[in-house]
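Coordinates from run-v9.cif are shown below (mmCIF, C-alpha atoms).
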data_input
#
loop_
_atom_site.label_atom_id
_atom_site.label_comp_id
_atom_site.auth_asym_id
_atom_site.auth_seq_id
_atom_site.Cartn_x
_atom_site.Cartn_y
_atom_site.Cartn_z
CA MET X 1 20.77 -12.42 30.00
CA THR X 2 17.80 -12.43 32.34
CA ASN X 3 14.23 -12.95 31.26
CA ALA X 4 11.23 -10.97 32.37
CA VAL X 5 9.47 -12.04 35.53
CA ALA X 6 7.59 -15.27 34.81
CA PRO X 7 3.78 -15.34 34.76
CA GLN X 8 2.11 -15.79 38.13
CA HIS X 9 0.89 -19.36 37.45
CA ARG X 10 4.41 -20.38 36.38
CA VAL X 11 5.90 -18.88 39.54
CA SER X 12 3.40 -20.66 41.78
CA PHE X 13 4.03 -23.99 40.05
CA ASP X 14 7.84 -23.70 40.40
CA TYR X 15 7.50 -22.71 44.05
CA TRP X 16 5.05 -25.31 45.38
CA VAL X 17 5.67 -28.46 43.29
CA PRO X 18 9.15 -29.21 44.79
CA TYR X 19 7.54 -29.39 48.25
CA ALA X 20 4.89 -31.80 46.98
CA LEU X 21 7.39 -34.04 45.16
CA LEU X 22 9.73 -34.05 48.15
CA ALA X 23 6.82 -35.13 50.35
CA VAL X 24 5.79 -37.90 47.92
CA GLY X 25 9.40 -39.11 47.68
CA ALA X 26 9.83 -39.11 51.46
CA VAL X 27 6.59 -41.02 52.11
CA THR X 28 7.27 -43.67 49.46
CA ALA X 29 10.87 -44.01 50.64
CA VAL X 30 9.76 -44.59 54.24
CA GLY X 31 7.30 -47.24 53.09
CA SER X 32 9.86 -49.00 50.91
CA ALA X 33 12.96 -48.61 53.11
CA ARG X 34 13.04 -52.25 54.19
CA LEU X 35 12.14 -53.51 50.73
CA VAL X 36 15.08 -51.79 49.06
CA GLY X 37 17.45 -52.79 51.87
CA MET X 38 18.14 -49.40 53.48
CA THR X 39 20.16 -49.61 56.65
CA THR X 40 19.35 -47.58 59.75
CA GLY X 41 22.25 -45.26 59.06
CA GLU X 42 21.05 -44.71 55.50
CA GLU X 43 17.60 -43.95 56.82
CA TYR X 44 19.02 -41.28 59.13
CA VAL X 45 21.11 -39.83 56.32
CA ALA X 46 18.07 -39.78 54.02
CA GLY X 47 16.01 -38.07 56.73
CA ALA X 48 18.71 -35.44 57.24
CA LEU X 49 18.91 -34.81 53.49
CA VAL X 50 15.12 -34.41 53.30
CA VAL X 51 15.30 -31.77 56.03
CA ILE X 52 18.17 -30.03 54.18
CA ALA X 53 16.16 -30.13 50.93
CA LEU X 54 13.18 -28.62 52.75
CA VAL X 55 15.30 -25.84 54.28
CA LEU X 56 16.96 -25.20 50.90
CA GLN X 57 13.61 -24.82 49.24
CA LEU X 58 12.37 -22.52 52.01
CA ALA X 59 15.55 -20.40 51.91
CA LEU X 60 15.98 -20.06 48.14
CA GLY X 61 12.53 -20.77 46.76
CA ARG X 62 11.03 -17.36 47.68
CA PRO X 63 13.92 -15.25 46.21
CA VAL X 64 13.71 -17.31 43.02
CA ARG X 65 9.96 -16.71 42.92
CA ASP X 66 10.26 -12.94 43.46
CA LEU X 67 13.21 -12.23 41.11
CA PRO X 68 13.51 -12.46 37.33
CA VAL X 69 14.92 -15.84 36.31
CA PRO X 70 17.40 -17.25 35.59
CA ASN X 71 19.71 -15.73 38.22
CA ARG X 72 22.49 -16.92 40.51
CA THR X 73 20.06 -17.96 43.21
CA SER X 74 17.99 -20.07 40.80
CA VAL X 75 21.15 -21.75 39.41
CA THR X 76 22.36 -22.53 42.95
CA LEU X 77 18.96 -23.91 43.91
CA TYR X 78 18.83 -26.13 40.83
CA PHE X 79 22.25 -27.78 41.20
CA VAL X 80 22.11 -28.18 45.01
CA ARG X 81 18.66 -29.70 44.64
CA TRP X 82 20.02 -32.04 41.96
CA ALA X 83 22.87 -33.11 44.23
CA LEU X 84 20.42 -33.83 47.04
CA GLY X 85 18.17 -35.73 44.65
CA PHE X 86 21.11 -37.78 43.35
CA VAL X 87 22.21 -38.82 46.84
CA LEU X 88 18.64 -39.51 47.96
CA GLY X 89 18.06 -41.59 44.80
CA TRP X 90 21.27 -43.49 45.55
CA LEU X 91 19.91 -44.28 49.00
CA ASN X 92 16.37 -45.13 47.84
CA PRO X 93 15.22 -45.13 44.16
CA PHE X 94 11.75 -43.94 45.19
CA PHE X 95 13.27 -40.49 45.74
CA ALA X 96 13.09 -40.27 41.93
CA PHE X 97 9.80 -38.44 42.63
CA TYR X 98 11.88 -35.59 44.03
CA ALA X 99 14.70 -35.84 41.46
CA VAL X 100 12.28 -35.43 38.56
CA THR X 101 11.94 -31.76 39.61
CA GLY X 102 15.08 -31.06 37.55
CA TYR X 103 13.29 -31.91 34.28
CA TYR X 104 10.62 -29.24 34.41
CA SER X 105 12.62 -26.53 36.24
CA ALA X 106 15.83 -26.53 34.14
CA ARG X 107 14.55 -24.24 31.38
CA HIS X 108 13.16 -21.71 33.83
CA GLN X 109 15.93 -21.65 36.45
CA LEU X 110 19.09 -22.11 34.32
CA PRO X 111 20.66 -19.91 31.65
CA ARG X 112 20.52 -21.36 28.15
CA ARG X 113 24.12 -22.67 28.15
CA LEU X 114 23.45 -24.73 31.33
CA VAL X 115 20.04 -26.17 30.41
CA LEU X 116 21.33 -29.24 28.57
CA PRO X 117 24.01 -30.11 31.19
CA GLY X 118 21.42 -29.74 33.94
CA LEU X 119 19.00 -32.05 32.09
CA CYS X 120 21.76 -34.62 31.50
CA LEU X 121 22.57 -34.68 35.23
CA THR X 122 18.89 -35.17 36.01
CA ALA X 123 18.78 -37.99 33.43
CA VAL X 124 21.69 -39.71 35.26
CA THR X 125 19.77 -39.58 38.55
CA MET X 126 16.53 -40.80 36.93
CA ALA X 127 18.30 -43.68 35.11
CA GLY X 128 19.95 -44.82 38.36
CA CYS X 129 16.62 -44.79 40.19
CA GLN X 130 14.83 -46.57 37.33
CA ILE X 131 17.26 -49.55 37.36
CA GLY X 132 16.62 -50.03 41.09
CA GLY X 133 19.22 -47.76 42.63
CA MET X 134 22.86 -46.76 42.38
CA PRO X 135 25.44 -48.08 41.95
CA PRO X 136 24.75 -50.94 39.52
CA HIS X 137 26.07 -54.19 41.04
CA SER X 138 26.51 -56.22 37.84
CA ALA X 139 27.36 -55.88 34.17
CA VAL X 140 23.71 -56.44 33.31
CA LEU X 141 22.65 -53.59 35.59
CA TRP X 142 25.37 -51.35 34.08
CA LEU X 143 24.08 -52.20 30.63
CA GLY X 144 20.57 -51.44 31.83
CA PHE X 145 21.77 -48.17 33.29
CA VAL X 146 23.37 -47.18 29.99
CA LEU X 147 20.24 -48.08 28.03
CA VAL X 148 17.88 -46.31 30.43
CA PHE X 149 20.17 -43.28 30.57
CA GLY X 150 20.24 -43.21 26.76
CA ALA X 151 16.45 -43.37 26.64
CA ASN X 152 16.15 -40.57 29.18
CA LEU X 153 18.76 -38.51 27.37
CA GLY X 154 17.01 -39.07 24.03
CA MET X 155 13.71 -37.92 25.46
CA VAL X 156 15.45 -34.94 27.06
CA VAL X 157 17.04 -33.91 23.74
CA LEU X 158 13.81 -34.46 21.83
CA LEU X 159 11.66 -32.58 24.31
CA THR X 160 14.28 -29.82 24.54
CA ARG X 161 14.21 -29.48 20.76
CA PHE X 162 10.43 -29.27 20.76
CA ALA X 163 10.52 -26.76 23.61
CA GLU X 164 13.06 -24.59 21.76
CA GLN X 165 10.95 -24.67 18.63
CA GLU X 166 7.90 -23.73 20.65
CA ILE X 167 9.78 -20.88 22.31
CA ALA X 168 11.11 -19.69 18.95
CA HIS X 169 7.60 -19.87 17.51
CA ALA X 170 6.21 -17.96 20.51
CA ARG X 171 8.97 -15.36 20.18
CA THR X 172 8.31 -14.99 16.44
CA GLN X 173 4.60 -14.73 17.12
CA ALA X 174 5.21 -12.09 19.79
CA GLU X 175 7.46 -10.14 17.41
CA SER X 176 4.82 -10.41 14.68
CA ILE X 177 2.15 -9.17 17.06
CA ALA X 178 4.40 -6.30 18.14
CA GLU X 179 5.19 -5.47 14.51
CA LEU X 180 1.49 -5.66 13.67
CA ALA X 181 0.75 -3.33 16.57
CA ARG X 182 3.38 -0.88 15.30
CA THR X 183 1.99 -1.18 11.78
CA ASN X 184 -1.54 -0.59 13.04
CA ALA X 185 -0.34 2.45 14.99
CA ALA X 186 1.44 3.78 11.89
CA LEU X 187 -1.63 3.04 9.78
CA GLN X 188 -3.88 4.82 12.27
CA GLN X 189 -1.51 7.78 12.24
CA ALA X 190 -1.54 7.75 8.43
CA LEU X 191 -5.35 7.56 8.46
CA ASP X 192 -5.50 10.50 10.86
CA GLU X 193 -3.09 12.48 8.68
CA ASN X 194 -5.07 11.48 5.59
CA ALA X 195 -8.30 12.61 7.22
CA ALA X 196 -6.71 15.94 8.13
CA LEU X 197 -5.32 16.26 4.59
CA HIS X 198 -8.69 15.33 3.13
CA ALA X 199 -10.37 17.99 5.24
CA GLN X 200 -7.75 20.51 4.15
CA LEU X 201 -8.23 19.55 0.50
CA LEU X 202 -11.99 19.94 0.88
CA VAL X 203 -11.49 23.42 2.29
CA GLN X 204 -9.07 24.31 -0.51
CA ALA X 205 -11.41 22.85 -3.14
CA ARG X 206 -14.32 24.80 -1.67
CA GLU X 207 -12.25 27.99 -1.67
CA ALA X 208 -11.09 27.33 -5.23
CA GLY X 209 -14.68 26.69 -6.29
CA VAL X 210 -15.82 29.91 -4.66
CA ALA X 211 -13.01 31.84 -6.34
CA ASP X 212 -13.80 30.25 -9.72
CA GLU X 213 -17.49 31.00 -9.31
CA ARG X 214 -16.69 34.59 -8.45
CA ARG X 215 -14.59 34.92 -11.60
CA ARG X 216 -17.36 33.34 -13.60
CA LEU X 217 -19.99 35.67 -12.14
CA ALA X 218 -17.74 38.65 -12.83
CA ALA X 219 -17.37 37.51 -16.43
CA GLU X 220 -21.12 36.98 -16.73
CA ILE X 221 -21.85 40.45 -15.38
CA HIS X 222 -19.29 41.90 -17.75
CA ASP X 223 -20.76 40.05 -20.73
CA THR X 224 -24.34 41.03 -19.92
CA ILE X 225 -24.89 44.15 -17.86
CA ALA X 226 -21.57 45.89 -18.55
CA GLN X 227 -21.73 45.39 -22.30
CA GLY X 228 -25.42 46.36 -22.38
CA LEU X 229 -24.78 49.54 -20.44
CA THR X 230 -21.88 50.38 -22.72
CA GLY X 231 -24.17 50.01 -25.74
CA ILE X 232 -26.87 52.12 -24.11
CA ILE X 233 -24.37 54.88 -23.34
CA ALA X 234 -23.16 54.82 -26.94
CA GLN X 235 -26.73 55.13 -28.26
CA LEU X 236 -27.54 57.97 -25.87
CA GLN X 237 -24.40 59.81 -26.92
CA VAL X 238 -25.61 59.61 -30.51
CA VAL X 239 -29.02 60.91 -29.39
CA ALA X 240 -27.36 63.90 -27.72
CA ASN X 241 -25.69 64.84 -31.00
CA ALA X 242 -28.53 63.81 -33.32
CA PRO X 243 -29.24 66.39 -36.05
CA ASP X 244 -32.99 65.68 -36.14
CA LEU X 245 -35.75 64.12 -34.11
CA ALA X 246 -36.11 61.07 -36.34
CA THR X 247 -32.47 60.09 -35.86
CA ALA X 248 -32.72 60.68 -32.11
CA ARG X 249 -35.89 58.56 -31.93
CA THR X 250 -34.19 55.72 -33.81
CA HIS X 251 -31.25 55.62 -31.42
CA LEU X 252 -33.52 55.97 -28.39
CA GLU X 253 -35.45 52.91 -29.58
CA ARG X 254 -32.16 51.04 -29.95
CA ALA X 255 -31.10 52.11 -26.45
CA SER X 256 -34.49 51.00 -25.07
CA SER X 257 -34.25 47.65 -26.87
CA LEU X 258 -30.71 47.17 -25.62
CA ALA X 259 -31.81 48.00 -22.06
CA ARG X 260 -34.62 45.41 -22.23
CA HIS X 261 -32.20 42.86 -23.66
CA SER X 262 -29.67 43.60 -20.89
CA LEU X 263 -32.41 43.31 -18.26
CA GLY X 264 -33.35 39.90 -19.65
CA GLU X 265 -29.71 38.84 -19.57
CA ALA X 266 -29.38 40.01 -15.97
CA ARG X 267 -32.49 38.09 -14.89
CA ARG X 268 -31.36 34.96 -16.70
CA SER X 269 -27.86 35.28 -15.23
CA VAL X 270 -29.35 35.45 -11.75
CA HIS X 271 -31.47 32.39 -12.54
CA ASN X 272 -28.88 30.09 -14.05
CA LEU X 273 -26.18 32.18 -15.67
CA ALA X 274 -27.19 30.98 -19.14
CA PRO X 275 -27.30 33.59 -21.98
CA VAL X 276 -30.76 34.79 -22.96
CA ALA X 277 -29.97 34.17 -26.62
CA LEU X 278 -29.65 30.42 -25.91
CA ALA X 279 -32.97 30.15 -24.07
CA ALA X 280 -34.93 29.31 -27.23
CA ASP X 281 -32.27 28.84 -29.91
CA GLY X 282 -29.21 26.66 -30.46
CA LEU X 283 -25.76 28.18 -30.67
CA PRO X 284 -25.73 28.76 -34.47
CA GLU X 285 -29.03 30.68 -34.44
CA ALA X 286 -28.04 32.58 -31.27
CA LEU X 287 -24.78 33.63 -32.91
CA ARG X 288 -26.59 34.63 -36.10
CA LYS X 289 -28.95 36.91 -34.16
CA THR X 290 -26.12 38.29 -31.99
CA VAL X 291 -24.00 39.18 -35.04
CA ALA X 292 -26.98 40.73 -36.83
CA GLU X 293 -28.00 42.82 -33.82
CA TRP X 294 -24.40 43.92 -33.27
CA GLY X 295 -24.03 44.95 -36.90
CA GLU X 296 -27.30 46.88 -36.80
CA ARG X 297 -26.32 48.59 -33.57
CA THR X 298 -22.80 49.56 -34.66
CA GLY X 299 -23.44 50.11 -38.37
CA VAL X 300 -20.62 47.69 -39.24
CA ARG X 301 -21.12 45.17 -42.00
CA ALA X 302 -21.17 41.83 -40.15
CA GLY X 303 -21.64 38.30 -41.46
CA PHE X 304 -22.08 34.89 -39.87
CA THR X 305 -21.26 31.47 -41.38
CA VAL X 306 -21.65 27.89 -40.15
CA THR X 307 -19.51 25.05 -41.56
CA GLY X 308 -19.67 21.32 -40.94
CA THR X 309 -22.52 19.23 -39.56
CA THR X 310 -24.39 21.19 -36.91
CA GLU X 311 -24.61 19.50 -33.49
CA LYS X 312 -26.62 20.44 -30.42
CA LEU X 313 -23.96 21.39 -27.91
CA HIS X 314 -23.85 21.11 -24.16
CA ASP X 315 -25.14 24.28 -22.46
CA GLU X 316 -21.76 25.16 -20.98
CA VAL X 317 -19.96 24.82 -24.33
CA ALA X 318 -22.61 26.84 -26.17
CA ALA X 319 -22.63 29.56 -23.49
CA THR X 320 -18.84 29.79 -23.53
CA LEU X 321 -18.63 30.22 -27.32
CA LEU X 322 -21.45 32.75 -27.34
CA ARG X 323 -19.77 34.81 -24.59
CA ILE X 324 -16.46 34.72 -26.45
CA ALA X 325 -18.18 35.92 -29.62
CA GLN X 326 -19.94 38.73 -27.73
CA GLU X 327 -16.67 39.83 -26.12
CA ALA X 328 -14.80 39.72 -29.44
CA LEU X 329 -17.50 41.82 -31.14
CA SER X 330 -17.52 44.25 -28.21
CA ASN X 331 -13.74 44.63 -28.41
CA ALA X 332 -13.95 45.19 -32.19
CA ALA X 333 -16.56 47.92 -31.76
CA ARG X 334 -14.61 49.70 -29.02
CA HIS X 335 -11.07 49.43 -30.31
CA ALA X 336 -10.79 48.29 -33.93
CA ARG X 337 -13.27 50.57 -35.79
CA PRO X 338 -13.68 47.95 -38.52
CA ALA X 339 -15.65 48.24 -41.75
CA ARG X 340 -16.35 44.51 -41.91
CA VAL X 341 -16.54 41.67 -39.38
CA GLY X 342 -16.95 37.95 -40.11
CA VAL X 343 -17.95 35.30 -37.57
CA THR X 344 -17.57 31.60 -38.45
CA LEU X 345 -18.71 28.62 -36.39
CA SER X 346 -17.11 25.36 -37.54
CA PHE X 347 -18.08 21.83 -36.46
CA MET X 348 -15.02 19.64 -37.06
CA GLY X 349 -15.41 16.09 -35.77
CA ASP X 350 -14.73 16.23 -32.05
CA GLU X 351 -14.00 19.97 -31.94
CA VAL X 352 -15.88 23.22 -32.42
CA THR X 353 -14.08 26.34 -33.63
CA LEU X 354 -15.28 29.92 -33.42
CA ASP X 355 -13.47 32.52 -35.56
CA VAL X 356 -14.11 36.26 -35.31
CA ARG X 357 -12.23 38.35 -37.91
CA ASP X 358 -12.28 42.07 -38.55
CA ASP X 359 -10.46 44.47 -40.87
CA GLY X 360 -9.99 47.13 -38.21
CA ALA X 361 -6.98 48.92 -36.79
CA GLY X 362 -5.36 45.83 -35.31
CA PHE X 363 -2.77 45.82 -32.54
CA ASP X 364 0.43 44.16 -31.40
CA ALA X 365 -0.80 40.84 -29.99
CA ALA X 366 2.48 40.33 -28.08
CA ALA X 367 2.01 43.57 -26.16
CA VAL X 368 -1.52 43.11 -24.77
CA PRO X 369 -1.65 44.79 -21.34
CA VAL X 370 -2.91 42.88 -18.32
CA ARG X 371 -6.46 43.54 -17.19
CA THR X 372 -6.78 46.32 -14.64
CA SER X 373 -9.43 46.79 -12.00
CA GLY X 374 -11.12 49.46 -14.10
CA GLY X 375 -10.96 47.69 -17.45
CA GLY X 376 -12.90 44.90 -19.11
CA PHE X 377 -12.08 41.20 -19.30
CA GLY X 378 -11.04 41.36 -22.98
CA LEU X 379 -8.68 38.72 -24.34
CA HIS X 380 -7.76 37.44 -20.88
CA GLY X 381 -11.41 36.77 -20.07
CA MET X 382 -12.02 35.02 -23.38
CA ARG X 383 -8.96 32.82 -22.92
CA ALA X 384 -10.00 31.94 -19.35
CA ARG X 385 -13.46 30.96 -20.60
CA ALA X 386 -12.05 28.65 -23.26
CA GLU X 387 -9.56 27.03 -20.90
CA ARG X 388 -12.32 26.42 -18.33
CA ILE X 389 -13.86 23.83 -20.68
CA ALA X 390 -10.48 22.38 -21.82
CA GLY X 391 -10.29 24.63 -24.89
CA SER X 392 -7.85 27.22 -26.15
CA LEU X 393 -7.92 30.69 -27.66
CA THR X 394 -5.48 32.25 -30.12
CA VAL X 395 -5.25 35.84 -31.33
CA GLU X 396 -3.60 37.02 -34.54
CA SER X 397 -3.29 40.74 -35.17
CA GLU X 398 -1.01 43.37 -36.64
CA PRO X 399 -1.38 47.12 -36.47
CA GLY X 400 -3.36 48.24 -39.52
CA HIS X 401 -4.18 44.70 -40.68
CA GLY X 402 -7.14 43.70 -38.54
CA THR X 403 -7.58 41.02 -35.89
CA ALA X 404 -8.49 37.32 -35.89
CA VAL X 405 -9.73 35.66 -32.68
CA SER X 406 -10.04 31.85 -32.79
CA ALA X 407 -11.49 29.73 -29.98
CA ARG X 408 -11.16 25.94 -30.18
CA VAL X 409 -13.10 23.78 -27.69
CA PRO X 410 -14.10 20.09 -27.42
CA LEU X 411 -17.41 19.15 -29.03
CA VAL X 412 -19.48 18.03 -26.07
CA ARG X 413 -23.02 17.11 -27.14
CA ASP X 414 -26.13 17.86 -25.14
CA ASP X 415 -27.13 14.52 -23.59
CA ARG X 416 -30.61 15.55 -22.53
#

As structure tokens, the full file:
Amino acid sequence: MTNAVAPQHRVSFDYWVPYALLAVGAVTAVGSARLVGMTTGEEYVAGALVVIALVLQLALGRPVRDLPVPNRTSVTLYFVRWALGFVLGWLNPFFAFYAVTGYYSARHQLPRRLVLPGLCLTAVTMAGCQIGGMPPHSAVLWLGFVLVFGANLGMVVLLTRFAEQEIAHARTQAESIAELARTNAALQQALDENAALHAQLLVQAREAGVADERRRLAAEIHDTIAQGLTGIIAQLQVVANAPDLATARTHLERASSLARHSLGEARRSVHNLAPVALAADGLPEALRKTVAEWGERTGVRAGFTVTGTTEKLHDEVAATLLRIAQEALSNAARHARPARVGVTLSFMGDEVTLDVRDDGAGFDAAAVPVRTSGGGFGLHGMRARAERIAGSLTVESEPGHGTAVSARVPLVRDDR
């Protein structure tokens, strides 16, 4: 398996160092030729081998530099150069300068299975040069050769082991960096998707808020202006059929009072959507006045009762219960024709309950029609109001046996 093209500094080192070491070996060999006992013939042979080594490096060095290594050319260059170094070291041990090239080039020019054999061959050459030249001429020199070769081989194995560990560490580090890069890319993609999802959720939340506010405004308009106008129309109808002026004047005054009350509700709704009745009074007093005014307006006997320890409620809770009571009373006046209505506000620990009971005509609670575009909010509106503040609303009714509306909501105190 071939590796990627080596870095430029590694390529330059592999290409130029053999020339330098060959030159150093040749110069030192020339200077020591007589000292080591080289004959004239050996000098000529050594010179020829130096030329061959130079040509070999010129012929194969550039292809090795330009191609991914290891390859066939790099393997050929390594072992031919070793053979030349071995023979030159045999002729003159100072050619060890050239032979040492095999130590640093083995890992880069040989495949993995040939690295250790190549290093062992280089160790043989280096051991022979280090004992003064090959072949050893005595048992002592052979023993020295074995010892020096063992030392070289030990260093080769040790350095090879360290090099393999370093390569494995570098490979693991590269894989970790690549994995980290992939993880960062995936994380960035997830962040981009999360940002897009967050933007989408913001749009959906804004749309849901707008829709909820529209429903709330519709309910507020229904509870204020629509109910007020309904009451005014009812009073004016009585005026049209009044038998005398006094009766007509009484109902006209009621219609005028109801119109002023509805106008105040409309102004307050525009301001902050809070019921006018809660502007100056707490919920119990506002309910008491609402029930009394409703009874006076409709002529129905109406009563209001408070049970438990009275608490000052949060504006939203108080407004919700008041609106539910107003809607329940409006429904009773329009549909039930009761003779008596009772409204009870109960404070029970962490809950508040509002009960509106009448003895009117009643209806089948399981067959309540859905709200139409021309109708009022009715039971559906009251239930939606209660659920908006984590409450609930139940209705009990039978034809001919009256109706009971019960709203149960959490007791949330006013923290102001």

Exercise for the section: Can you turn the PyMOL selection byres ((chain X and resi 232) around 8) into a concrete residue list for this file, as a list in words? Expected result: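 That expression, the PyMOL selection byres ((chain X and resi 232) around 8), corresponds here to Gly228, Leu229, Thr230, Gly231, Ile233, Ala234, Gln235, Leu236, Arg254, Ala255, Ser256, Leu258 and Ala259 of chain X.
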
Practice task
Would you mind listing what lies within 8 Å of stretch 106-117 of chain X as a PyMOL selection string, with only C-alpha atoms counted and same-chain residues fewer than 4 positions away left out?
Solution key: chain X and resi 1+69-71+74-75+78+102+121+157

Export C-alpha atoms of the chosen residues as a short mmCIF file (atom, residue, chain, number, x, y, z; two decimals), in the coordinates of the input?
data_model
loop_
_atom_site.label_atom_id
_atom_site.label_comp_id
_atom_site.auth_asym_id
_atom_site.auth_seq_id
_atom_site.Cartn_x
_atom_site.Cartn_y
_atom_site.Cartn_z
CA MET X 1 20.77 -12.42 30.00
CA VAL X 69 14.92 -15.84 36.31
CA PRO X 70 17.40 -17.25 35.59
CA ASN X 71 19.71 -15.73 38.22
CA SER X 74 17.99 -20.07 40.80
CA VAL X 75 21.15 -21.75 39.41
CA TYR X 78 18.83 -26.13 40.83
CA GLY X 102 15.08 -31.06 37.55
CA LEU X 121 22.57 -34.68 35.23
CA VAL X 157 17.04 -33.91 23.74
#

Handout entry: Straight-line distance linking atom CA of X:Val80 with atom CA of X:Leu56, stated in Å to one decimal
Key =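 Atom-to-atom, atom CA of X:Val80 to atom CA of X:Leu56, that is 8.4 Å.
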
Practice task
Find the residue from X:Gly381, X:Gly295, X:Val352, X:Thr290 that sits nearest to X:Thr307; use only C-alpha atoms when measuring.
Solution key: X:Val352

Practice task
Name all residues at most 8 Å from X:Thr305 (count all atoms listed in the file; drop same-chain ones fewer than 4 positions away) and give them as a list in words.
Solution key: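 Skipping anything fewer than 4 positions along the chain leaves Gly342, Val343, Thr344 and Leu345 of chain X.
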
Fill in the blank from the handout: Taken to one decimal, the atom CA of X:Glu396-atom CA of X:Glu285 distance is 26.2 Å

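Among X:Cys120, X:Ala367, X:Val36, X:Ala23, the residue with the shortest atom-to-atom distance to X:Leu54, counting all atoms listed in the file, is X:Ala23.
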
Exercise for the section: Please indicate the distance in Å from atom CA of X:Leu283 to atom CA of X:Leu322, rounded to one decimal place. Expected result: 7.1 Å

Problem - Distance criterion (all atoms listed in the file): nearest to X:Val27 out of X:Leu119, X:Val317, X:Ala83, X:Ala46 - result: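 Checking each of X:Leu119, X:Val317, X:Ala83, X:Ala46 against X:Val27, counting all atoms listed in the file, the winner is X:Ala46.
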
Practice task
Apply the PyMOL selection byres ((chain X and resi 356) around 10) to the displayed file and report the matching residues as a PyMOL selection string.
Solution key: chain X and resi 303-304+324-326+328-329+332+341-345+354-355+357-358+395+403-407

Can I get the selected residues back with C-alpha atoms, as a PDB file, in the frame of the given file?
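Written file, selection-v4.pdb:
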ATOM      1  CA  GLY X 303     -21.640  38.300 -41.460  1.00  0.00           C
ATOM      2  CA  PHE X 304     -22.080  34.890 -39.870  1.00  0.00           C
ATOM      3  CA  ILE X 324     -16.460  34.720 -26.450  1.00  0.00           C
ATOM      4  CA  ALA X 325     -18.180  35.920 -29.620  1.00  0.00           C
ATOM      5  CA  GLN X 326     -19.940  38.730 -27.730  1.00  0.00           C
ATOM      6  CA  ALA X 328     -14.800  39.720 -29.440  1.00  0.00           C
ATOM      7  CA  LEU X 329     -17.500  41.820 -31.140  1.00  0.00           C
ATOM      8  CA  ALA X 332     -13.950  45.190 -32.190  1.00  0.00           C
ATOM      9  CA  VAL X 341     -16.540  41.670 -39.380  1.00  0.00           C
ATOM     10  CA  GLY X 342     -16.950  37.950 -40.110  1.00  0.00           C
ATOM     11  CA  VAL X 343     -17.950  35.300 -37.570  1.00  0.00           C
ATOM     12  CA  THR X 344     -17.570  31.600 -38.450  1.00  0.00           C
ATOM     13  CA  LEU X 345     -18.710  28.620 -36.390  1.00  0.00           C
ATOM     14  CA  LEU X 354     -15.280  29.920 -33.420  1.00  0.00           C
ATOM     15  CA  ASP X 355     -13.470  32.520 -35.560  1.00  0.00           C
ATOM     16  CA  ARG X 357     -12.230  38.350 -37.910  1.00  0.00           C
ATOM     17  CA  ASP X 358     -12.280  42.070 -38.550  1.00  0.00           C
ATOM     18  CA  VAL X 395      -5.250  35.840 -31.330  1.00  0.00           C
ATOM     19  CA  THR X 403      -7.580  41.020 -35.890  1.00  0.00           C
ATOM     20  CA  ALA X 404      -8.490  37.320 -35.890  1.00  0.00           C
ATOM     21  CA  VAL X 405      -9.730  35.660 -32.680  1.00  0.00           C
ATOM     22  CA  SER X 406     -10.040  31.850 -32.790  1.00  0.00           C
ATOM     23  CA  ALA X 407     -11.490  29.730 -29.980  1.00  0.00           C
TER      24      ALA X 407
END
